[in-house]
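For reference, coords13.cif (mmCIF, C-alpha atoms):
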data_target
loop_
_atom_site.label_atom_id
_atom_site.label_comp_id
_atom_site.auth_asym_id
_atom_site.auth_seq_id
_atom_site.Cartn_x
_atom_site.Cartn_y
_atom_site.Cartn_z
CA MET O 348 28.58 19.41 -0.40
CA GLU O 349 26.21 19.01 2.54
CA ASN O 350 24.22 15.78 2.40
CA LYS O 351 20.43 16.16 2.23
CA LYS O 352 18.24 14.98 5.11
CA TYR O 353 15.02 13.04 4.63
CA VAL O 354 11.69 11.94 6.03
CA VAL O 355 10.80 8.30 5.30
CA TRP O 356 7.20 7.24 4.72
CA GLY O 357 6.80 3.70 6.04
CA VAL O 358 7.82 2.06 9.31
CA GLY O 359 8.82 -1.45 8.27
CA HIS O 360 11.82 -3.43 7.11
CA ARG O 361 12.25 -1.14 4.09
CA GLY O 362 12.31 1.87 6.37
CA ARG O 363 14.84 0.08 8.53
CA LEU O 364 17.00 -0.54 5.45
CA LEU O 365 16.91 3.15 4.56
CA TYR O 366 17.88 3.96 8.14
CA GLU O 367 20.91 1.66 7.79
CA LEU O 368 21.76 3.01 4.34
CA LEU O 369 21.47 6.72 5.07
CA GLY O 370 22.37 6.78 8.76
CA ARG O 371 20.56 8.20 11.77
CA GLU O 372 21.86 11.72 11.13
CA ARG O 373 20.12 11.89 7.74
CA ILE O 374 16.64 10.68 8.71
CA ILE O 375 14.65 13.33 10.55
CA ALA O 376 11.39 11.42 11.00
CA PHE O 377 9.19 8.56 9.78
CA ILE O 378 5.60 8.91 8.58
CA ASP O 379 3.08 6.15 9.15
CA SER O 380 -0.63 5.97 8.38
CA ASN O 381 -1.32 3.78 11.42
CA PRO O 382 -2.53 6.10 14.21
CA GLU O 383 -1.32 3.58 16.81
CA LYS O 384 2.28 4.21 15.73
CA VAL O 385 2.08 8.00 15.47
CA GLY O 386 3.68 9.73 18.46
CA LYS O 387 6.09 6.88 19.09
CA THR O 388 9.66 6.57 17.85
CA TYR O 389 11.39 4.22 15.43
CA GLU O 390 15.15 3.75 15.68
CA GLY O 391 15.21 6.94 17.73
CA CYS O 392 13.29 8.98 15.13
CA PRO O 393 9.80 10.40 15.76
CA ILE O 394 6.87 8.80 13.96
CA ILE O 395 4.53 11.46 12.63
CA ASP O 396 1.41 11.65 10.49
CA TYR O 397 1.12 13.31 7.09
CA ASN O 398 -0.44 16.51 8.42
CA THR O 399 2.46 16.98 10.82
CA TYR O 400 4.86 16.56 7.92
CA LYS O 401 3.09 19.32 6.00
CA GLU O 402 3.08 21.58 9.06
CA LYS O 403 6.66 21.11 10.31
CA TYR O 404 8.81 18.99 7.99
CA MET O 405 8.13 20.23 4.45
CA SER O 406 11.75 21.36 4.04
CA TYR O 407 12.85 17.70 4.10
CA VAL O 408 12.52 15.49 1.04
CA LEU O 409 10.18 12.50 1.38
CA ILE O 410 11.22 8.94 0.56
CA ILE O 411 8.40 6.44 0.08
CA SER O 412 9.52 3.02 1.30
CA ILE O 413 6.23 1.11 1.22
CA ALA O 414 5.47 -1.41 -1.53
CA PHE O 415 3.85 -0.18 -4.75
CA GLY O 416 3.57 3.34 -3.34
CA GLY O 417 1.00 2.24 -0.76
CA GLY O 418 -1.54 4.69 -2.14
CA VAL O 419 0.72 7.55 -1.07
CA THR O 420 2.07 8.76 -4.42
CA LYS O 421 -1.28 10.03 -5.68
CA LEU O 422 -1.79 11.99 -2.47
CA LEU O 423 1.64 13.65 -2.72
CA GLU O 424 1.20 14.53 -6.37
CA GLU O 425 -2.16 16.11 -5.66
CA ASP O 426 -0.47 18.22 -2.98
CA ASN O 427 2.48 19.06 -5.29
CA ILE O 428 5.01 17.54 -2.92
CA PHE O 429 8.29 16.22 -4.31
CA TYR O 430 9.23 12.68 -3.29
CA PHE O 431 11.58 9.83 -4.06
CA SER O 432 10.34 6.25 -4.30
CA VAL O 433 12.74 3.57 -3.15
CA GLU O 434 11.28 1.35 -5.91
CA LYS O 435 13.04 3.52 -8.50
CA CYS O 436 16.37 2.49 -6.95
CA PRO O 437 18.09 -0.85 -7.55
CA PRO O 438 16.00 -3.65 -5.95
CA GLU O 439 18.77 -4.17 -3.40
CA PHE O 440 17.64 -0.92 -1.74
CA MET O 441 14.49 -2.81 -0.71
CA GLY O 442 16.40 -5.89 0.40
CA TYR O 443 16.19 -7.99 -2.77
CA GLY O 444 19.52 -9.81 -3.00
CA LEU O 445 21.00 -7.48 -0.41
CA TYR O 446 22.57 -10.23 1.72
CA THR O 447 24.56 -11.32 -1.36
CA ALA O 448 25.25 -7.80 -2.62
CA ARG O 449 26.74 -6.75 0.71
CA ARG O 450 29.13 -9.68 0.64
CA VAL O 451 30.20 -9.16 -2.97
CA LEU O 452 30.23 -5.36 -3.25
CA GLY O 453 30.79 -4.24 0.34
CA GLY O 454 33.51 -1.61 0.63
CA LYS O 455 34.33 -1.48 -3.09
CA ARG O 456 35.17 1.91 -4.56
CA LEU O 457 33.38 3.16 -7.67
CA ASP O 458 35.76 3.01 -10.63
CA VAL O 459 34.56 5.61 -13.12
CA PRO O 460 36.13 8.20 -15.48
CA ASP O 461 36.88 11.75 -14.36
CA HIS O 462 34.14 13.42 -16.43
CA ILE O 463 30.73 11.96 -15.60
CA VAL O 464 27.06 12.60 -16.27
CA LEU O 465 24.53 10.75 -14.12
CA TYR O 466 21.31 10.02 -16.01
CA GLY O 467 18.26 9.92 -13.73
CA CYS O 468 16.29 11.63 -11.01
CA THR O 469 16.08 9.15 -8.15
CA LEU O 470 17.36 8.78 -4.62
CA TYR O 471 20.02 6.48 -6.09
CA THR O 472 21.09 9.28 -8.47
CA VAL O 473 21.60 11.68 -5.57
CA LEU O 474 23.45 9.13 -3.43
CA ILE O 475 25.82 8.25 -6.29
CA TYR O 476 26.41 11.96 -6.88
CA GLU O 477 27.24 12.48 -3.20
CA ARG O 478 29.54 9.46 -3.08
CA LEU O 479 31.50 10.46 -6.16
CA ARG O 480 31.95 13.98 -4.84
CA ALA O 481 33.13 12.53 -1.52
CA GLU O 482 35.64 10.36 -3.40
CA GLY O 483 37.14 13.43 -5.05
CA TYR O 484 35.40 13.56 -8.42
CA GLU O 485 34.71 17.16 -9.43
CA ASP O 486 33.34 17.12 -12.98
CA ILE O 487 29.96 15.53 -12.22
CA SER O 488 26.55 16.59 -13.43
CA VAL O 489 23.05 15.10 -13.60
CA PHE O 490 20.94 14.79 -16.74
CA LEU O 491 17.24 14.81 -15.86
CA PRO O 492 15.16 12.56 -18.15
CA SER O 493 13.02 14.46 -20.63
CA SER O 494 10.02 12.40 -19.52
CA MET O 495 9.95 14.28 -16.21
CA ARG O 496 7.15 16.73 -15.71
CA GLU O 497 8.35 20.33 -15.76
CA LYS O 498 6.97 20.90 -12.28
CA THR O 499 8.93 17.93 -10.89
CA ARG O 500 12.07 19.09 -12.69
CA THR O 501 11.74 22.55 -11.12
CA MET O 502 11.18 21.11 -7.63
CA PHE O 503 14.26 18.88 -7.96
CA THR O 504 16.52 21.79 -8.92
CA GLU O 505 15.15 23.89 -6.06
CA LEU O 506 15.61 21.11 -3.50
CA PHE O 507 19.08 20.15 -4.72
CA PRO O 508 20.66 23.49 -5.78
CA GLU O 509 24.18 22.08 -5.27
CA ILE O 510 23.71 19.50 -8.06
CA CYS O 511 24.86 20.64 -11.48
CA ILE O 512 22.17 19.91 -14.10
CA ALA O 513 23.55 18.94 -17.52
CA GLN O 514 22.04 19.89 -20.86
CA VAL O 515 22.40 17.76 -24.00
CA ASP O 516 24.93 20.12 -25.61
CA GLN O 517 27.09 19.96 -22.47
CA ILE O 518 27.61 16.21 -22.47
CA GLY O 519 30.06 15.88 -25.35
CA SER O 520 32.43 12.96 -24.73
CA LYS O 521 31.58 12.57 -21.08
CA LYS O 522 30.71 9.12 -19.77
CA ILE O 523 27.04 8.62 -18.84
CA LEU O 524 26.23 6.49 -15.81
CA LEU O 525 22.66 5.21 -15.92
CA THR O 526 21.18 5.61 -12.43
CA GLU O 527 17.54 5.25 -13.45
CA LYS O 528 16.25 2.40 -15.59
CA VAL O 529 14.53 3.56 -18.77
CA LYS O 530 13.33 1.79 -21.88
CA GLN O 531 15.14 4.17 -24.20
CA LEU O 532 17.41 7.15 -23.79
CA GLU O 533 16.71 10.43 -25.52
CA PRO O 534 17.62 10.29 -29.25
CA GLU O 535 20.28 12.96 -28.67
CA LEU O 536 22.11 10.55 -26.34
CA GLU O 537 22.05 7.46 -28.57
CA ASP O 538 25.72 7.81 -29.52
CA ALA O 539 26.90 8.53 -25.98
CA SER O 540 29.00 6.09 -23.95
CA VAL O 541 26.60 4.68 -21.35
CA THR O 542 27.26 2.36 -18.39
CA ASP O 543 24.29 0.87 -16.54
CA ILE O 544 24.89 0.95 -12.78
CA VAL O 545 21.23 0.35 -11.89
CA ASP O 546 21.20 -3.34 -12.79
CA TRP O 547 23.44 -4.93 -10.17
CA THR O 548 22.99 -8.45 -11.56
CA GLN O 549 25.82 -7.79 -14.00
CA TYR O 550 28.17 -7.05 -11.10
CA ILE O 551 27.07 -9.88 -8.79
CA PRO O 552 27.59 -13.28 -10.44
CA ASP O 553 26.60 -14.93 -7.15
CA TYR O 554 22.96 -14.20 -7.97
CA HIS O 555 23.17 -17.06 -10.48
CA ASN O 556 22.26 -20.35 -8.79
CA GLN O 557 23.89 -23.33 -10.51
CA LYS O 558 21.65 -25.75 -8.59
CA ILE O 559 18.61 -24.14 -10.22
CA GLU O 560 20.31 -24.14 -13.63
CA ALA O 561 20.70 -27.93 -13.36
CA LEU O 562 16.88 -28.18 -13.29
CA LYS O 563 16.30 -26.36 -16.58
CA ASP O 564 13.92 -28.29 -18.88
CA LYS O 565 14.00 -31.29 -16.53
CA TYR O 566 10.26 -31.79 -17.14
CA LYS O 567 10.19 -30.68 -20.75
CA GLY O 568 6.91 -31.38 -22.53
CA LYS O 569 5.01 -32.48 -19.40
CA ARG O 570 2.15 -30.87 -17.51
CA CYS O 571 1.98 -29.41 -14.03
CA PHE O 572 -0.43 -27.73 -11.63
CA ILE O 573 0.22 -24.46 -9.84
CA VAL O 574 -1.77 -24.84 -6.63
CA ALA O 575 -2.66 -21.54 -4.95
CA THR O 576 -4.49 -21.19 -1.64
CA GLY O 577 -7.80 -19.57 -2.68
CA PRO O 578 -10.99 -20.66 -0.90
CA SER O 579 -12.26 -22.58 -3.97
CA LEU O 580 -9.50 -25.17 -3.52
CA THR O 581 -10.75 -28.37 -1.86
CA TYR O 582 -9.17 -31.34 -0.16
CA GLU O 583 -10.85 -33.50 -2.79
CA ASP O 584 -8.87 -31.60 -5.43
CA LEU O 585 -5.64 -32.31 -3.59
CA ALA O 586 -6.56 -35.98 -3.21
CA CYS O 587 -7.17 -36.16 -6.96
CA LEU O 588 -3.79 -34.61 -7.71
CA ASN O 589 -2.16 -37.03 -5.30
CA LYS O 590 -3.92 -40.06 -6.78
CA HIS O 591 -2.81 -39.20 -10.30
CA GLN O 592 0.69 -38.25 -9.16
CA GLU O 593 0.48 -34.86 -10.85
CA PHE O 594 3.50 -32.57 -10.58
CA CYS O 595 2.47 -29.62 -8.39
CA ILE O 596 4.02 -26.27 -7.57
CA SER O 597 2.56 -24.53 -4.52
CA MET O 598 3.35 -21.67 -2.21
CA ASN O 599 3.24 -19.71 1.02
CA SER O 600 0.82 -21.04 3.66
CA ILE O 601 -0.10 -24.23 1.78
CA TYR O 602 1.58 -26.14 4.61
CA THR O 603 -1.48 -25.40 6.80
CA CYS O 604 -3.35 -28.19 5.00
CA PHE O 605 -0.68 -30.88 5.38
CA SER O 606 -2.16 -32.37 8.54
CA GLU O 607 -5.38 -33.12 6.62
CA THR O 608 -4.03 -34.59 3.39
CA GLN O 609 -1.42 -36.98 2.04
CA TRP O 610 -0.84 -34.66 -0.91
CA ARG O 611 2.36 -32.67 -1.01
CA PRO O 612 3.59 -30.29 -3.71
CA ASP O 613 6.71 -31.21 -5.62
CA CYS O 614 7.83 -27.58 -5.41
CA TYR O 615 7.21 -25.13 -2.60
CA THR O 616 7.77 -21.43 -3.36
CA VAL O 617 8.14 -18.36 -1.14
CA LEU O 618 8.44 -14.81 -2.50
CA ASP O 619 7.24 -12.22 -0.01
CA ALA O 620 9.88 -10.71 2.25
CA ASP O 621 7.57 -10.76 5.28
CA GLY O 622 6.56 -14.32 4.46
CA VAL O 623 10.17 -15.47 4.45
CA LEU O 624 10.29 -14.60 8.15
CA LEU O 625 6.69 -15.42 8.98
CA TRP O 626 6.86 -19.03 7.82
CA GLN O 627 10.45 -19.85 8.79
CA ASP O 628 9.41 -22.09 11.69
CA GLN O 629 7.84 -24.42 9.11
CA TYR O 630 10.86 -24.75 6.81
CA SER O 631 12.58 -27.52 8.75
CA LYS O 632 9.33 -29.53 8.81
CA MET O 633 8.99 -29.73 5.02
CA LYS O 634 11.05 -32.90 4.68
CA ASP O 635 8.82 -34.57 2.08
CA ILE O 636 8.89 -31.78 -0.54
CA PRO O 637 11.64 -32.38 -3.14
CA TYR O 638 12.20 -28.80 -4.30
CA LYS O 639 11.84 -25.71 -2.15
CA PHE O 640 12.42 -22.28 -3.67
CA ILE O 641 12.90 -19.18 -1.53
CA ALA O 642 13.41 -15.60 -2.71
CA ASP O 643 16.40 -13.58 -1.57
CA SER O 644 13.94 -10.82 -0.66
CA GLN O 645 14.50 -10.69 3.11
CA PRO O 646 17.75 -9.04 4.29
CA TYR O 647 17.12 -10.04 7.92
CA PHE O 648 16.83 -13.77 7.30
CA ASP O 649 19.80 -16.12 7.64
CA TYR O 650 19.76 -18.08 4.38
CA THR O 651 22.77 -20.16 5.48
CA GLN O 652 20.51 -22.07 7.90
CA LEU O 653 18.66 -23.71 4.98
CA ASP O 654 19.59 -27.25 4.02
CA ASP O 655 20.50 -28.47 0.51
CA SER O 656 16.87 -29.09 -0.47
CA TRP O 657 16.35 -25.33 -0.68
CA TYR O 658 17.00 -23.27 -3.80
CA VAL O 659 17.58 -19.55 -3.24
CA TYR O 660 16.52 -17.50 -6.28
CA HIS O 661 17.23 -13.85 -7.00
CA SER O 662 13.96 -11.94 -6.97
CA ILE O 663 13.50 -8.52 -8.50
CA LEU O 664 10.94 -5.89 -7.63
CA ASP O 665 11.37 -2.35 -8.86
CA ASP O 666 9.36 0.33 -10.58
CA TYR O 667 10.81 -0.43 -14.02
CA SER O 668 10.04 -4.17 -14.04
CA ILE O 669 6.51 -3.48 -12.81
CA ARG O 670 5.75 -0.68 -15.28
CA ASN O 671 7.11 -2.76 -18.17
CA MET O 672 6.09 -6.12 -16.64
CA LEU O 673 9.15 -8.24 -17.32
CA PHE O 674 9.09 -12.05 -17.49
CA SER O 675 12.23 -14.05 -16.78
CA ASP O 676 13.19 -17.02 -18.94
CA ASP O 677 16.19 -17.73 -16.70
CA PHE O 678 14.95 -18.61 -13.22
CA SER O 679 18.50 -19.47 -12.17
CA SER O 680 19.61 -15.82 -12.49
CA LYS O 681 16.62 -13.59 -11.80
CA VAL O 682 12.87 -13.76 -11.31
CA TYR O 683 10.39 -10.89 -11.53
CA ASN O 684 7.88 -10.22 -8.78
CA GLY O 685 4.67 -9.30 -10.59
CA ALA O 686 2.98 -8.61 -7.22
CA THR O 687 2.01 -12.27 -6.83
CA VAL O 688 3.86 -15.46 -6.03
CA VAL O 689 1.73 -17.21 -8.68
CA TYR O 690 3.61 -15.19 -11.33
CA VAL O 691 6.88 -16.49 -9.88
CA CYS O 692 5.50 -20.04 -10.03
CA VAL O 693 4.62 -19.60 -13.70
CA GLN O 694 8.18 -18.46 -14.45
CA LEU O 695 9.45 -21.50 -12.54
CA ALA O 696 7.16 -23.90 -14.41
CA VAL O 697 8.32 -22.50 -17.75
CA TYR O 698 11.96 -22.83 -16.72
CA LEU O 699 11.42 -26.44 -15.69
CA GLY O 700 10.13 -27.10 -19.20
CA PHE O 701 6.43 -27.77 -18.60
CA GLN O 702 4.34 -27.43 -21.74
CA GLU O 703 0.93 -27.46 -20.04
CA ILE O 704 0.38 -25.38 -16.90
CA TYR O 705 -2.90 -25.46 -14.98
CA LEU O 706 -3.79 -22.94 -12.26
CA LEU O 707 -5.82 -24.19 -9.31
CA GLY O 708 -7.11 -22.21 -6.33
CA VAL O 709 -6.43 -18.89 -8.07
CA ASP O 710 -9.74 -17.29 -7.12
CA TYR O 711 -8.46 -13.78 -7.72
CA ASN O 712 -11.20 -12.30 -5.56
CA TYR O 713 -9.44 -10.93 -2.50
CA GLN O 714 -11.82 -9.13 -0.11
CA LYS O 715 -11.27 -7.53 3.25
CA GLY O 716 -12.97 -9.39 6.07
CA LYS O 717 -13.80 -12.37 3.85
CA LYS O 718 -12.37 -15.89 3.74
CA ASN O 719 -9.48 -15.50 1.30
CA HIS O 720 -7.76 -18.87 1.82
CA PHE O 721 -9.07 -22.40 1.87
CA THR O 722 -7.51 -23.06 5.29
CA LYS O 723 -7.33 -20.99 8.44
CA GLN O 724 -4.34 -18.67 8.25
CA VAL O 725 -1.75 -17.96 10.91
CA GLU O 726 -1.74 -14.24 10.12
CA PRO O 727 -4.68 -11.84 9.77
CA ASP O 728 -5.27 -10.99 6.13
CA GLU O 729 -5.51 -7.31 6.94
CA MET O 730 -2.05 -7.24 8.48
CA PHE O 731 -0.07 -9.43 6.13
CA ASP O 732 -1.67 -8.97 2.74
CA GLY O 733 -1.68 -5.19 2.49
CA MET O 734 -5.43 -4.70 2.41
CA ASN O 735 -5.03 -0.93 2.32
CA GLN O 736 -3.70 -1.23 -1.24
CA GLN O 737 -5.09 -4.55 -2.41
CA ASP O 738 -6.74 -2.98 -5.47
CA ARG O 739 -3.38 -1.63 -6.60
CA ILE O 740 -1.68 -5.00 -6.03
CA GLN O 741 -4.45 -6.84 -7.84
CA GLY O 742 -4.16 -4.46 -10.78
CA ILE O 743 -0.42 -5.10 -11.04
CA SER O 744 -0.87 -8.87 -10.81
CA TYR O 745 -3.49 -8.75 -13.57
CA VAL O 746 -0.95 -7.18 -15.92
CA ALA O 747 1.55 -9.84 -14.79
CA PHE O 748 -0.86 -12.60 -15.74
CA GLN O 749 -1.39 -10.93 -19.11
CA LYS O 750 2.36 -10.94 -19.62
CA ALA O 751 2.57 -14.63 -18.64
CA ASN O 752 -0.16 -15.47 -21.13
CA GLU O 753 1.58 -13.45 -23.84
CA TYR O 754 4.88 -15.21 -23.17
CA ALA O 755 3.17 -18.62 -23.17
CA LEU O 756 1.45 -18.02 -26.51
CA GLU O 757 4.71 -16.86 -28.10
CA HIS O 758 6.50 -20.00 -26.89
CA HIS O 759 3.70 -22.52 -27.58
CA ILE O 760 3.03 -23.15 -23.89
CA LYS O 761 -0.51 -23.81 -22.70
CA ILE O 762 -1.69 -22.06 -19.52
CA CYS O 763 -5.25 -22.70 -18.34
CA ASN O 764 -7.15 -21.68 -15.23
CA ALA O 765 -8.70 -24.79 -13.67
CA SER O 766 -9.80 -23.03 -10.47
CA ARG O 767 -13.34 -24.03 -9.51
CA LYS O 768 -14.27 -20.38 -8.86
CA THR O 769 -12.23 -17.54 -10.29
CA CYS O 770 -12.45 -13.89 -11.28
CA LEU O 771 -9.25 -14.13 -13.33
CA ASP O 772 -10.24 -13.99 -16.99
CA VAL O 773 -6.78 -13.80 -18.59
CA PHE O 774 -6.30 -17.50 -19.26
CA GLU O 775 -8.57 -20.06 -20.88
CA GLN O 776 -10.81 -21.52 -18.19
CA ILE O 777 -11.16 -25.27 -18.00
CA ASP O 778 -13.10 -27.71 -15.81
CA PHE O 779 -10.65 -29.31 -13.39
CA ASP O 780 -12.45 -32.65 -13.43
CA THR O 781 -12.18 -33.03 -17.22
CA LEU O 782 -8.40 -33.16 -16.90
CA PHE O 783 -8.62 -36.65 -15.44
CA ILE O 784 -10.95 -38.29 -17.95
CA ASN O 785 -9.12 -41.03 -19.82
#
Let me see the file written as structure tokens.
Amino acid sequence: MENKKYVVWGVGHRGRLLYELLGRERIIAFIDSNPEKVGKTYEGCPIIDYNTYKEKYMSYVLIISIAFGGGVTKLLEEDNIFYFSVEKCPPEFMGYGLYTARRVLGGKRLDVPDHIVLYGCTLYTVLIYERLRAEGYEDISVFLPSSMREKTRTMFTELFPEICIAQVDQIGSKKILLTEKVKQLEPELEDASVTDIVDWTQYIPDYHNQKIEALKDKYKGKRCFIVATGPSLTYEDLACLNKHQEFCISMNSIYTCFSETQWRPDCYTVLDADGVLLWQDQYSKMKDIPYKFIADSQPYFDYTQLDDSWYVYHSILDDYSIRNMLFSDDFSSKVYNGATVVYVCVQLAVYLGFQEIYLLGVDYNYQKGKKNHFTKQVEPDEMFDGMNQQDRIQGISYVAFQKANEYALEHHIKICNASRKTCLDVFEQIDFDTLFIN
């Protein structure tokens, strides 16, 4: 079968990953919303705008590579344009854990039965179909989830006429390979033999970090502070935390305050793939922070350069974990994104055993052109923090905080928001100063 060619929406490290995955011959063009990039090339491919795609490239399937859809999905659906989202693929397709996955799985052949049904309708589904056909498998079909809209189902079959679409009564004893994560299969498939090949954690034991596992419940029953970088945070707050020797977990650009305070967090946490690269010049300077946690989210960062004080954790961002908002109780094996590093810090605090968790500097009031951090930032907010889709990100993080609160209540953990100014109303709000009254 002839492999399909694509147009990728998004010129960034995710687009670069797709270029490496699919190959130059399969990517016709890139779309970008930034007019300064349009008309240039990326990895030898033209960069076009959306109107040009509709005029000249409509015969090529779109792949959205930007985080959380970037506001693009609604536009495409309104225009009845079929697309794949890379977030419906395994997280490794966006770089999460990819440096480990390449080492463990690189070059391995798929070992599957002769009669196969692929369940799903994603880019990953199509790529697995192509690979199996290339490896000589002939009896392969695709079962499209019943949750798909009829219009989308029709567009898929028209765009991929070479793919055999399976019906329920045609499956019989065939093996089903799950290529799209779903909460529950159709009732008619409940008795089928199903193998999940979307969740790569079961095939990559190296994602489990034994150093992190050794920290489980180390601070059981104690309290901690998760110190974010919102503008309501003050140096007086940090001095108070330092004076009382409170255990603190902080994040990202918090290091920009170190020259002005003796306070240091006990844990430093990085999640964002761009941040992993952006702040790397500071990593070697953080000698006085006992625990430093860094996500395996950046495929173009050399994690082997980190010293033993760093703990690499496996981070997961995909459409399924966001739509269902998953919370990890095993930080040593996997951690869910939640669209905010604060959510990661909550999962870490729970794993370390803290019974009382207080948020500080979580203003939750991000605004374009406003002061959004309590110190001057190295990077412009507009460039780094995705201002073009901040409402979408904030909406996702709100659901994440709801999930954290739900988990905490179920496990008798107290989470309070001690930020001096905050728009986050999920957790009980408490006056920071009252926490230090004997």
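One distance worth recording is that between atom CA of O:Gly708 and atom CA of O:Leu673, which is 24.1 Å.
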Handout entry: Explicit residue set for the PyMOL selection byres ((chain O and resi 518-523) around 6), as a VMD selection string
Key = chain O and resid 462 to 465 515 to 517 524 540 to 541
Handout entry: Residues selected by the PyMOL selection byres ((chain O and resi 651-662) around 9), written as a PyMOL selection string
Key = chain O and resi 438+443-444+554-556+558-559+618+630-631+634+636-644+648-650+663-664+678-684+691
Those same residues - C-alpha atoms - I'd like them written as a compact mmCIF listing (two decimals), in the coordinates of the input.
# COMPACT_ATOMS: atom_id res chain seq x y z
CA PRO O 438 16.00 -3.65 -5.95
CA TYR O 443 16.19 -7.99 -2.77
CA GLY O 444 19.52 -9.81 -3.00
CA TYR O 554 22.96 -14.20 -7.97
CA HIS O 555 23.17 -17.06 -10.48
CA ASN O 556 22.26 -20.35 -8.79
CA LYS O 558 21.65 -25.75 -8.59
CA ILE O 559 18.61 -24.14 -10.22
CA LEU O 618 8.44 -14.81 -2.50
CA TYR O 630 10.86 -24.75 6.81
CA SER O 631 12.58 -27.52 8.75
CA LYS O 634 11.05 -32.90 4.68
CA ILE O 636 8.89 -31.78 -0.54
CA PRO O 637 11.64 -32.38 -3.14
CA TYR O 638 12.20 -28.80 -4.30
CA LYS O 639 11.84 -25.71 -2.15
CA PHE O 640 12.42 -22.28 -3.67
CA ILE O 641 12.90 -19.18 -1.53
CA ALA O 642 13.41 -15.60 -2.71
CA ASP O 643 16.40 -13.58 -1.57
CA SER O 644 13.94 -10.82 -0.66
CA PHE O 648 16.83 -13.77 7.30
CA ASP O 649 19.80 -16.12 7.64
CA TYR O 650 19.76 -18.08 4.38
CA ILE O 663 13.50 -8.52 -8.50
CA LEU O 664 10.94 -5.89 -7.63
CA PHE O 678 14.95 -18.61 -13.22
CA SER O 679 18.50 -19.47 -12.17
CA SER O 680 19.61 -15.82 -12.49
CA LYS O 681 16.62 -13.59 -11.80
CA VAL O 682 12.87 -13.76 -11.31
CA TYR O 683 10.39 -10.89 -11.53
CA ASN O 684 7.88 -10.22 -8.78
CA VAL O 691 6.88 -16.49 -9.88
Practice task
May I ask which of the residues O:Arg500, O:Lys421, O:Lys761, O:Lys403 is the closest one to O:Val354, counting all atoms listed in the file?
Solution key: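 For O:Val354, the nearest of the given residues is O:Lys403.
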Handout entry: Expected selection from the PyMOL selection byres ((chain O and resi 572) around 12), given as a count of residues only
Key = 45
Exercise for the section: List the residues sitting within 12 Å of (5.1, 1.7, -14.8) in the file's frame, using all atoms listed in the file, as a list in words. Expected result: Phe415, Gly416, Glu434, Lys435, Lys528, Val529, Lys530, Leu664, Asp665, Asp666, Tyr667, Ser668, Ile669, Arg670, Asn671, Met672, Leu673, Gly685, Gly742, Ile743 and Val746 of chain O
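With atom CA of O:Glu775 on one side and atom CA of O:Ala747 on the other, the separation reads 15.6 Å.
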Problem - Interatomic distance, atom CA of O:Cys511 to atom CA of O:Tyr476 (Å, one decimal) - result: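 Value for the atom CA of O:Cys511-atom CA of O:Tyr476 distance: 9.9 Å.
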Practice task
Compute the distance from (30.8, 8.5, -3.8) to each atom, counting only C-alpha atoms, keep the residues with any atom at most 12 Å away, and return them as a list in words; use the coordinates of the file.
Solution key: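 Protein and nucleic acid residues near the point are Met348, Asn350, Gly454, Lys455, Arg456, Leu457, Asp458, Val459, Tyr471, Thr472, Val473, Leu474, Ile475, Tyr476, Glu477, Arg478, Leu479, Arg480, Ala481, Glu482, Gly483, Tyr484, Glu485 and Ile487 of chain O.
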